[in-house]
$ cat upload.cif   # mmCIF, C-alpha atoms
data_input
#
loop_
_atom_site.label_atom_id
_atom_site.label_comp_id
_atom_site.auth_asym_id
_atom_site.auth_seq_id
_atom_site.Cartn_x
_atom_site.Cartn_y
_atom_site.Cartn_z
CA MET A 1 137.95 66.91 147.38
CA LYS A 2 136.06 65.53 150.32
CA LYS A 3 139.11 66.55 152.27
CA PRO A 4 140.82 64.19 154.72
CA LEU A 5 140.16 64.90 158.37
CA VAL A 6 143.25 66.23 160.11
CA GLY A 7 143.13 66.50 163.89
CA ALA A 8 139.45 65.63 164.01
CA LEU A 9 139.54 64.47 167.61
CA PHE A 10 141.29 67.67 168.66
CA ALA A 11 138.60 69.65 166.86
CA VAL A 12 135.89 67.77 168.72
CA LEU A 13 137.51 68.57 172.07
CA LEU A 14 138.04 72.19 171.09
CA LEU A 15 134.57 72.85 169.73
CA GLY A 16 132.55 70.51 171.92
CA ALA A 17 130.76 67.25 171.29
CA GLY A 18 128.06 68.96 169.24
CA THR A 19 130.31 69.36 166.21
CA ALA A 20 132.94 67.18 164.62
CA PRO A 21 134.17 69.17 161.63
CA ALA A 22 136.18 67.87 158.75
CA THR A 23 139.32 69.66 157.68
CA ALA A 24 138.18 72.86 156.01
CA ALA A 25 134.72 71.64 156.95
CA THR A 26 131.66 73.12 155.37
CA SER A 27 128.40 73.43 157.25
CA HIS A 28 127.06 70.14 155.95
CA ASP A 29 130.20 68.36 157.17
CA ALA A 30 129.82 69.44 160.78
CA ALA A 31 127.42 66.91 162.27
CA ALA A 32 128.68 64.79 165.14
CA PRO A 33 129.26 61.10 164.30
CA SER A 34 126.25 59.95 166.37
CA THR A 35 123.96 62.41 164.60
CA VAL A 36 125.38 61.43 161.24
CA LYS A 37 124.85 57.74 161.92
CA ALA A 38 121.26 58.24 163.04
CA ALA A 39 120.40 60.31 159.98
CA ALA A 40 122.16 57.84 157.72
CA SER A 41 120.34 54.85 159.16
CA SER A 42 116.90 56.27 158.45
CA SER A 43 117.78 57.57 154.97
CA HIS A 44 119.56 54.34 154.07
CA ALA A 45 116.57 52.26 155.16
CA ALA A 46 114.20 54.44 153.16
CA VAL A 47 116.28 54.08 150.01
CA LYS A 48 116.54 50.31 150.45
CA ALA A 49 112.82 49.98 150.97
CA LYS A 50 112.11 52.02 147.86
CA SER A 51 114.64 50.33 145.57
CA GLY A 52 114.58 46.80 146.92
CA ALA A 53 118.39 46.81 146.89
CA LYS A 54 120.18 44.42 149.22
CA ALA A 55 122.00 45.91 152.18
CA ILE A 56 125.72 46.54 151.92
CA GLY A 57 127.67 46.36 155.18
CA PHE A 58 131.16 47.46 156.20
CA ALA A 59 133.00 44.12 156.00
CA GLY A 60 136.30 44.71 154.23
CA THR A 61 136.23 48.48 154.63
CA VAL A 62 138.90 50.27 156.66
CA ALA A 63 139.28 53.51 158.58
CA LEU A 64 142.39 55.57 157.94
CA SER A 65 143.55 58.34 160.26
CA ASN A 66 141.90 60.91 158.00
CA CYS A 67 139.93 59.05 155.33
CA SER A 68 138.09 55.87 154.39
CA GLY A 69 139.21 52.89 152.33
CA SER A 70 138.77 49.19 151.67
CA VAL A 71 140.74 45.97 151.34
CA VAL A 72 140.44 45.03 147.68
CA ARG A 73 141.43 42.27 145.32
CA THR A 74 141.36 41.72 141.58
CA PRO A 75 139.77 38.58 140.08
CA GLY A 76 143.32 37.25 139.64
CA SER A 77 144.55 37.94 143.17
CA GLN A 78 145.59 34.84 145.11
CA PRO A 79 145.09 34.05 148.82
CA GLY A 80 148.84 34.20 149.42
CA ASP A 81 149.28 37.59 147.76
CA PRO A 82 149.95 40.64 149.93
CA ALA A 83 146.59 42.35 150.38
CA LEU A 84 145.84 45.80 148.94
CA VAL A 85 143.98 48.78 150.43
CA LEU A 86 142.28 51.24 148.10
CA SER A 87 141.73 54.89 149.00
CA ASN A 88 142.19 58.32 147.35
CA GLY A 89 145.39 59.89 146.11
CA HIS A 90 144.56 62.96 148.18
CA CYS A 91 144.44 60.79 151.32
CA MET A 92 148.11 59.77 151.15
CA GLU A 93 150.21 60.69 154.18
CA SER A 94 152.75 62.33 151.86
CA GLY A 95 150.19 64.95 150.85
CA PHE A 96 148.34 65.78 147.64
CA PRO A 97 150.37 64.70 144.60
CA GLY A 98 150.65 67.50 142.05
CA PRO A 99 149.26 67.35 138.51
CA GLY A 100 151.27 64.80 136.56
CA GLU A 101 152.80 63.28 139.69
CA VAL A 102 152.65 59.51 140.22
CA VAL A 103 153.78 57.71 143.37
CA LEU A 104 155.04 54.17 142.76
CA ASN A 105 156.35 51.70 145.36
CA GLN A 106 156.97 54.31 148.04
CA PRO A 107 157.70 52.81 151.50
CA SER A 108 154.91 53.30 154.04
CA THR A 109 154.05 51.99 157.50
CA ARG A 110 150.55 53.42 157.58
CA SER A 111 147.97 51.58 159.70
CA PHE A 112 144.33 50.84 158.92
CA THR A 113 141.49 49.73 161.20
CA LEU A 114 139.68 46.79 159.61
CA LEU A 115 135.90 46.74 160.06
CA ASN A 116 133.37 43.91 160.19
CA SER A 117 129.92 43.98 158.59
CA SER A 118 128.38 46.03 161.40
CA GLY A 119 131.19 48.60 161.43
CA GLY A 120 133.08 47.30 164.44
CA GLY A 121 136.86 47.43 164.40
CA VAL A 122 138.31 43.92 164.46
CA GLY A 123 142.02 44.55 163.98
CA THR A 124 144.80 46.74 162.67
CA LEU A 125 146.41 46.23 159.28
CA ARG A 126 149.72 47.81 158.29
CA ALA A 127 151.14 48.90 154.97
CA SER A 128 154.55 48.05 153.62
CA LYS A 129 154.35 50.60 150.80
CA ILE A 130 152.18 52.83 148.66
CA ALA A 131 152.11 50.61 145.60
CA TYR A 132 150.49 53.32 143.46
CA GLY A 133 149.08 56.79 143.95
CA THR A 134 148.07 59.75 141.81
CA MET A 135 145.60 62.58 141.38
CA THR A 136 146.12 62.79 137.63
CA ASP A 137 143.25 61.46 135.46
CA THR A 138 141.94 59.74 138.59
CA ASP A 139 142.26 60.10 142.38
CA ILE A 140 143.50 56.84 143.85
CA SER A 141 146.02 55.37 146.25
CA VAL A 142 146.67 51.65 146.58
CA TYR A 143 148.64 50.44 149.61
CA GLN A 144 150.30 47.03 149.79
CA LEU A 145 149.94 45.44 153.22
CA THR A 146 152.25 43.29 155.31
CA SER A 147 149.44 40.70 155.56
CA THR A 148 148.11 38.38 152.86
CA TYR A 149 144.44 37.90 152.06
CA ALA A 150 144.60 34.43 153.62
CA GLN A 151 146.06 35.81 156.85
CA ILE A 152 143.41 38.50 157.11
CA GLU A 153 140.61 36.03 156.52
CA SER A 154 142.08 33.54 158.99
CA ARG A 155 142.60 36.11 161.76
CA TYR A 156 139.52 38.24 161.33
CA GLY A 157 137.07 36.29 159.15
CA ILE A 158 136.99 39.20 156.66
CA LYS A 159 137.25 38.79 152.90
CA ALA A 160 138.50 41.49 150.55
CA LEU A 161 136.09 43.34 148.28
CA GLU A 162 136.55 42.53 144.61
CA LEU A 163 137.21 45.20 142.00
CA ASN A 164 134.77 44.96 139.11
CA THR A 165 136.39 44.62 135.70
CA ALA A 166 133.63 46.45 133.81
CA HIS A 167 132.69 50.11 133.48
CA PRO A 168 129.93 51.19 135.91
CA VAL A 169 126.40 51.36 134.54
CA GLN A 170 124.21 54.46 134.55
CA GLY A 171 121.23 54.04 136.88
CA ALA A 172 122.85 51.26 138.92
CA ALA A 173 122.04 51.22 142.63
CA ILE A 174 125.21 51.85 144.64
CA THR A 175 126.38 52.17 148.22
CA VAL A 176 129.22 54.39 149.41
CA ALA A 177 130.59 52.73 152.55
CA SER A 178 132.68 55.03 154.77
CA GLY A 179 134.95 53.23 157.20
CA TYR A 180 135.93 56.52 158.84
CA TRP A 181 132.38 57.49 159.80
CA LYS A 182 130.95 53.94 159.83
CA ARG A 183 128.20 55.32 157.65
CA THR A 184 126.74 54.24 154.32
CA TYR A 185 125.14 56.36 151.60
CA SER A 186 122.74 54.80 149.12
CA CYS A 187 121.88 56.30 145.74
CA ASN A 188 122.31 55.60 142.03
CA VAL A 189 124.83 56.33 139.31
CA ASP A 190 123.38 59.47 137.77
CA GLY A 191 125.82 59.59 134.88
CA PHE A 192 129.43 60.05 133.84
CA VAL A 193 131.52 63.20 133.49
CA TYR A 194 133.89 63.55 130.54
CA ARG A 195 136.25 65.74 132.56
CA LEU A 196 135.88 66.75 136.20
CA LYS A 197 138.04 69.75 137.10
CA GLU A 198 138.85 70.82 140.65
CA GLY A 199 141.55 73.41 141.29
CA GLU A 200 144.79 72.09 139.75
CA TRP A 201 143.46 68.61 139.03
CA THR A 202 141.49 67.04 136.19
CA TRP A 203 139.86 63.60 136.35
CA LYS A 204 138.55 61.59 133.43
CA ASP A 205 135.22 59.75 133.10
CA SER A 206 134.11 60.36 136.68
CA VAL A 207 130.97 58.90 138.28
CA ARG A 208 128.28 61.40 139.24
CA TYR A 209 125.89 60.35 142.02
CA THR A 210 122.22 61.14 142.27
CA SER A 211 121.54 63.72 144.98
CA ALA A 212 120.77 61.13 147.71
CA CYS A 213 124.51 60.49 148.27
CA GLN A 214 125.43 63.56 150.34
CA THR A 215 128.94 62.45 151.25
CA ILE A 216 131.00 64.55 153.68
CA GLY A 217 134.62 65.11 154.70
CA GLY A 218 136.20 61.84 155.85
CA THR A 219 134.29 59.77 153.29
CA SER A 220 137.19 60.27 150.86
CA GLY A 221 138.45 56.90 149.69
CA SER A 222 135.23 55.02 150.47
CA PRO A 223 134.49 52.12 148.13
CA VAL A 224 131.50 52.61 145.86
CA ILE A 225 129.83 49.22 145.77
CA ASP A 226 127.36 47.99 143.16
CA ASN A 227 124.39 46.71 145.15
CA THR A 228 123.67 43.90 142.69
CA THR A 229 127.14 42.39 142.37
CA GLY A 230 128.67 43.50 145.67
CA LYS A 231 131.79 44.55 143.76
CA VAL A 232 133.68 47.84 143.90
CA VAL A 233 133.02 50.01 140.85
CA ALA A 234 134.49 53.34 142.02
CA VAL A 235 136.14 55.21 144.88
CA ASN A 236 134.42 58.25 146.43
CA ASN A 237 136.47 61.45 146.16
CA THR A 238 134.76 64.83 145.86
CA GLY A 239 131.69 67.06 145.61
CA ASN A 240 130.69 70.62 144.84
CA GLU A 241 130.11 72.24 148.22
CA ASP A 242 129.45 75.93 147.55
CA GLY A 243 128.39 76.20 143.91
CA GLN A 244 131.70 77.73 142.86
CA LYS A 245 133.23 76.91 139.49
CA CYS A 246 136.21 74.54 139.22
CA THR A 247 137.78 75.60 142.55
CA ASP A 248 139.04 73.45 145.42
CA ASN A 249 136.05 71.58 146.93
CA ASN A 250 133.90 72.82 144.04
CA PRO A 251 134.58 70.62 141.02
CA CYS A 252 132.95 71.48 137.70
CA GLU A 253 131.96 69.25 134.82
CA VAL A 254 133.49 69.86 131.40
CA ASP A 255 132.03 68.10 128.33
CA GLU A 256 133.73 67.17 125.05
CA ASN A 257 132.98 70.64 123.65
CA GLY A 258 134.42 72.48 126.63
CA GLN A 259 131.02 73.39 128.05
CA VAL A 260 131.23 73.83 131.84
CA THR A 261 128.45 72.77 134.22
CA VAL A 262 128.36 73.39 137.96
CA ARG A 263 126.14 71.20 140.16
CA LYS A 264 126.09 72.49 143.73
CA GLY A 265 125.61 69.73 146.31
CA ILE A 266 126.36 66.90 143.88
CA ASN A 267 129.12 64.40 144.65
CA TYR A 268 131.44 62.27 142.57
CA ALA A 269 133.67 59.19 142.46
CA GLN A 270 136.48 57.80 140.31
CA GLU A 271 136.00 54.55 138.44
CA THR A 272 138.17 51.61 139.47
CA TYR A 273 137.82 49.03 136.68
CA GLY A 274 140.90 50.55 135.02
CA ILE A 275 143.06 49.54 137.98
CA VAL A 276 142.59 45.83 137.33
CA PRO A 277 144.70 45.46 134.14
CA CYS A 278 147.59 47.21 135.91
CA ILE A 279 147.90 44.62 138.69
CA GLY A 280 149.74 41.45 137.79
CA ALA A 281 151.01 38.33 139.51
CA GLY A 282 151.69 38.75 143.21
CA ASN A 283 149.49 41.88 143.24
CA LYS A 284 152.36 43.89 141.76
CA PHE A 285 151.63 46.96 139.68
CA ASP A 286 152.80 46.68 136.08
CA LEU A 287 152.05 49.95 134.31
CA SER A 288 153.32 48.53 131.00
CA ALA A 289 150.83 45.62 131.05
CA ALA A 290 148.33 45.29 128.20
CA GLY A 291 145.22 47.35 128.88
CA CYS A 292 146.79 49.41 131.68
CA GLN A 293 146.08 53.09 131.11
CA LEU A 294 146.89 54.51 134.52
CA PRO A 295 149.27 57.50 134.43
CA LYS A 296 152.94 56.58 134.61
CA PRO A 297 155.72 58.34 136.56
#

$ encode --input "upload.cif" --output "structure tokens"
Amino acid sequence: MKKPLVGALFAVLLLGAGTAPATAATSHDAAAPSTVKAAASSSHAAVKAKSGAKAIGFAGTVALSNCSGSVVRTPGSQPGDPALVLSNGHCMESGFPGPGEVVLNQPSTRSFTLLNSSGGGVGTLRASKIAYGTMTDTDISVYQLTSTYAQIESRYGIKALELNTAHPVQGAAITVASGYWKRTYSCNVDGFVYRLKEGEWTWKDSVRYTSACQTIGGTSGSPVIDNTTGKVVAVNNTGNEDGQKCTDNNPCEVDENGQVTVRKGINYAQETYGIVPCIGAGNKFDLSAAGCQLPKP
């Protein structure tokens, strides 16, 4: 996983302003935020110029204490519904859920810093519960907030990002928007992985990025946004850091025939279109709803 950052500020003070490591940080995770932002700005601009893709900002993204996330809605969500925040299962404050474990309607008071289009913090949102969370088949957490979409838009002028209802498309131009680092990564969908294995966990039909998206620790939970539609098609979650095979922080690809492929330096995300059928009226999760294939407790 692109591990959550624990005690990042303490690490900065301890090691000096020149490095700001992620938890279990690898060498490519250790750039200070200012350096990261400068490098990202130039690379992002170059990609946009080359592809002609429209810019994707930070409006609707959030910063967690250790990860990234976004305020999201389904096409059926209503203004008066309690808003939802999407992140990774491995970003939950309760720790990594084990294989086969599903968290459903667990009380939470977690806070999130809401960002505007330029990455500035405009307010604090608070959860009432973890509506759903798992690291089985996928790597997602969905928090229900104490605020509605209408309240957030009225107070802060920020609209939620919409979850796409369709499977991502190979070759599509995408942006990974990290609220934690206030940094975006632009690349394309390189393809899809039948099974992505990392340590104890296995994820199905994962998105593989082209090499331009060199995501780092703290980008976990970032929305992956289709540049054409502006909708969320996946959630960023991991990458192979050291070239190892199927170990923690070194996921491997497994095809239908069991053939294993290791791609050092390549990063991945989990598709989100499958979340939509599981969210019903009032933004409540209904795992028995038609079309819902998320793992059940």

$ atom_distance --input "upload.cif" --atom1 "atom CA of A:Cys67" --atom2 "atom CA of A:Thr238"
12.2 Å

$ closest_residue --input "upload.cif" --among "A:Pro107, A:Ser147, A:Asn237, A:Lys284" --to "A:Gly89" --atoms "all atoms listed in the file"
A:Asn237

$ resolve_selection --input "upload.cif" --expression "the PyMOL selection byres ((chain A and resi 239) around 12)" --output "PyMOL selection string"
chain A and resi 1-3+26+28-29+196-198+206-211+213-217+219-220+236-238+240-253+262-270

$ resolve_selection --input "upload.cif" --expression "the PyMOL selection byres ((chain A and resi 157) around 12)" --output "JSON, numbers by chain"
{"A": [59, 60, 114, 115, 116, 117, 122, 123, 149, 150, 151, 152, 153, 154, 155, 156, 158, 159, 160]}

$ residues_around --input "upload.cif" --residues "A:Asn164" --least-positions-apart "4" --cutoff "6 Å" --atoms "all atoms listed in the file" --output "ChimeraX atom specification"
/A:231-233,273

$ residues_near_point --input "upload.cif" --point "(151.7, 59.0, 133.1)" --cutoff "10 Å" --atoms "all atoms listed in the file" --output "ChimeraX atom specification"
/A:100-102,134,136-137,287,293-297

$ write_last_selection --input "upload.cif" --atoms "C-alpha atoms" --output "PDB file, in the coordinates of the input"
ATOM      1  CA  GLY A 100     151.270  64.800 136.560  1.00  0.00           C
ATOM      2  CA  GLU A 101     152.800  63.280 139.690  1.00  0.00           C
ATOM      3  CA  VAL A 102     152.650  59.510 140.220  1.00  0.00           C
ATOM      4  CA  THR A 134     148.070  59.750 141.810  1.00  0.00           C
ATOM      5  CA  THR A 136     146.120  62.790 137.630  1.00  0.00           C
ATOM      6  CA  ASP A 137     143.250  61.460 135.460  1.00  0.00           C
ATOM      7  CA  LEU A 287     152.050  49.950 134.310  1.00  0.00           C
ATOM      8  CA  GLN A 293     146.080  53.090 131.110  1.00  0.00           C
ATOM      9  CA  LEU A 294     146.890  54.510 134.520  1.00  0.00           C
ATOM     10  CA  PRO A 295     149.270  57.500 134.430  1.00  0.00           C
ATOM     11  CA  LYS A 296     152.940  56.580 134.610  1.00  0.00           C
ATOM     12  CA  PRO A 297     155.720  58.340 136.560  1.00  0.00           C
TER      13      PRO A 297
END

$ closest_residue --input "upload.cif" --among "A:Phe192, A:Met135, A:Ala63, A:His90" --to "A:Asp255" --atoms "only C-alpha atoms"
A:Phe192

$ atom_distance --input "upload.cif" --atom1 "atom CA of A:Pro168" --atom2 "atom CA of A:Ala83"
23.8 Å

$ residues_around --input "upload.cif" --residues "A:Val176" --least-positions-apart "6" --cutoff "9 Å" --atoms "all atoms listed in the file" --output "VMD selection string"
chain A and resid 56 183 to 187 213 215 219 222 to 225 235 to 236

$ atom_distance --input "upload.cif" --atom1 "atom CA of A:Gln170" --atom2 "atom CA of A:Gly230"
16.2 Å

$ closest_residue --input "upload.cif" --among "A:Gln106, A:Thr202, A:Thr138, A:Thr272" --to "A:His167" --atoms "only C-alpha atoms"
A:Thr272

$ closest_residue --input "upload.cif" --among "A:Thr61, A:Val193, A:Asn227, A:Pro277" --to "A:Thr175" --atoms "all atoms listed in the file"
A:Asn227

$ closest_residue --input "upload.cif" --among "A:Lys129, A:Ser70, A:Leu145, A:Gly191" --to "A:Asp205" --atoms "only C-alpha atoms"
A:Gly191
